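Note sheet for the following structure.
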Amino acid sequence: MALNIFFDNAKVMSKGQVTIPKDIRQILGVESGDRITFIVEGNTVRIVNSAVYAMQMLQNEMQGEAEKVLESVSYEKSNNE
């Protein structure tokens with residue numbers, strides 16, 4: 001997977017609002033009304049599409065769960081035979 005790295009900037013307005021540049025919005029797949037998540041790591045902030053981030057978190061949480069269920073079913077089946 002090719003990693004695209006580029007820089008862009010925006011001005012912070014008086015109420016702390018920032019307009020996300022169009023090219024960044026396109027990369028994140030966000031449109032007006034969508035939610036974004038800010039992930040702060042030290043002095044670095046990542047901005048991610050909240051829906052995509054939530055799905056990734058769920059996938060990480062569920063990783064390995066199917067195998068556990070299959071092992072449980074196999075165990076129960078072998079005990080019932």
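Residues are referred to by chain and number: the chain letter is A, B, ... according to the order shown in the structure tokens, the number counts from 1 in that chain, and ligands are numbered separately from 1 in the order shown.
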
- Item | Close residues, region 47-64 of chain A itself excluded, 6 Å, only C-alpha atoms, min 6 positions apart in chain, as a list in words | Leu28, Arg35, Ile36, Thr37 and Phe38 of chain A

Same residues, C-alpha atoms, saved as a PDB file, in the first residue's frame:
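What ended up in part-v1.pdb:
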ATOM      1  CA  LEU A  28     -10.873  11.059   4.807  1.00  0.00           C
ATOM      2  CA  ARG A  35     -18.140  13.364  12.323  1.00  0.00           C
ATOM      3  CA  ILE A  36     -14.382  13.162  12.715  1.00  0.00           C
ATOM      4  CA  THR A  37     -12.268  11.860  15.584  1.00  0.00           C
ATOM      5  CA  PHE A  38      -9.133  13.546  16.915  1.00  0.00           C
TER       6      PHE A  38
END

- Interatomic distance between CA of Glu31 (chain A) and CA of Asn43 (chain A)? 26.7 Å
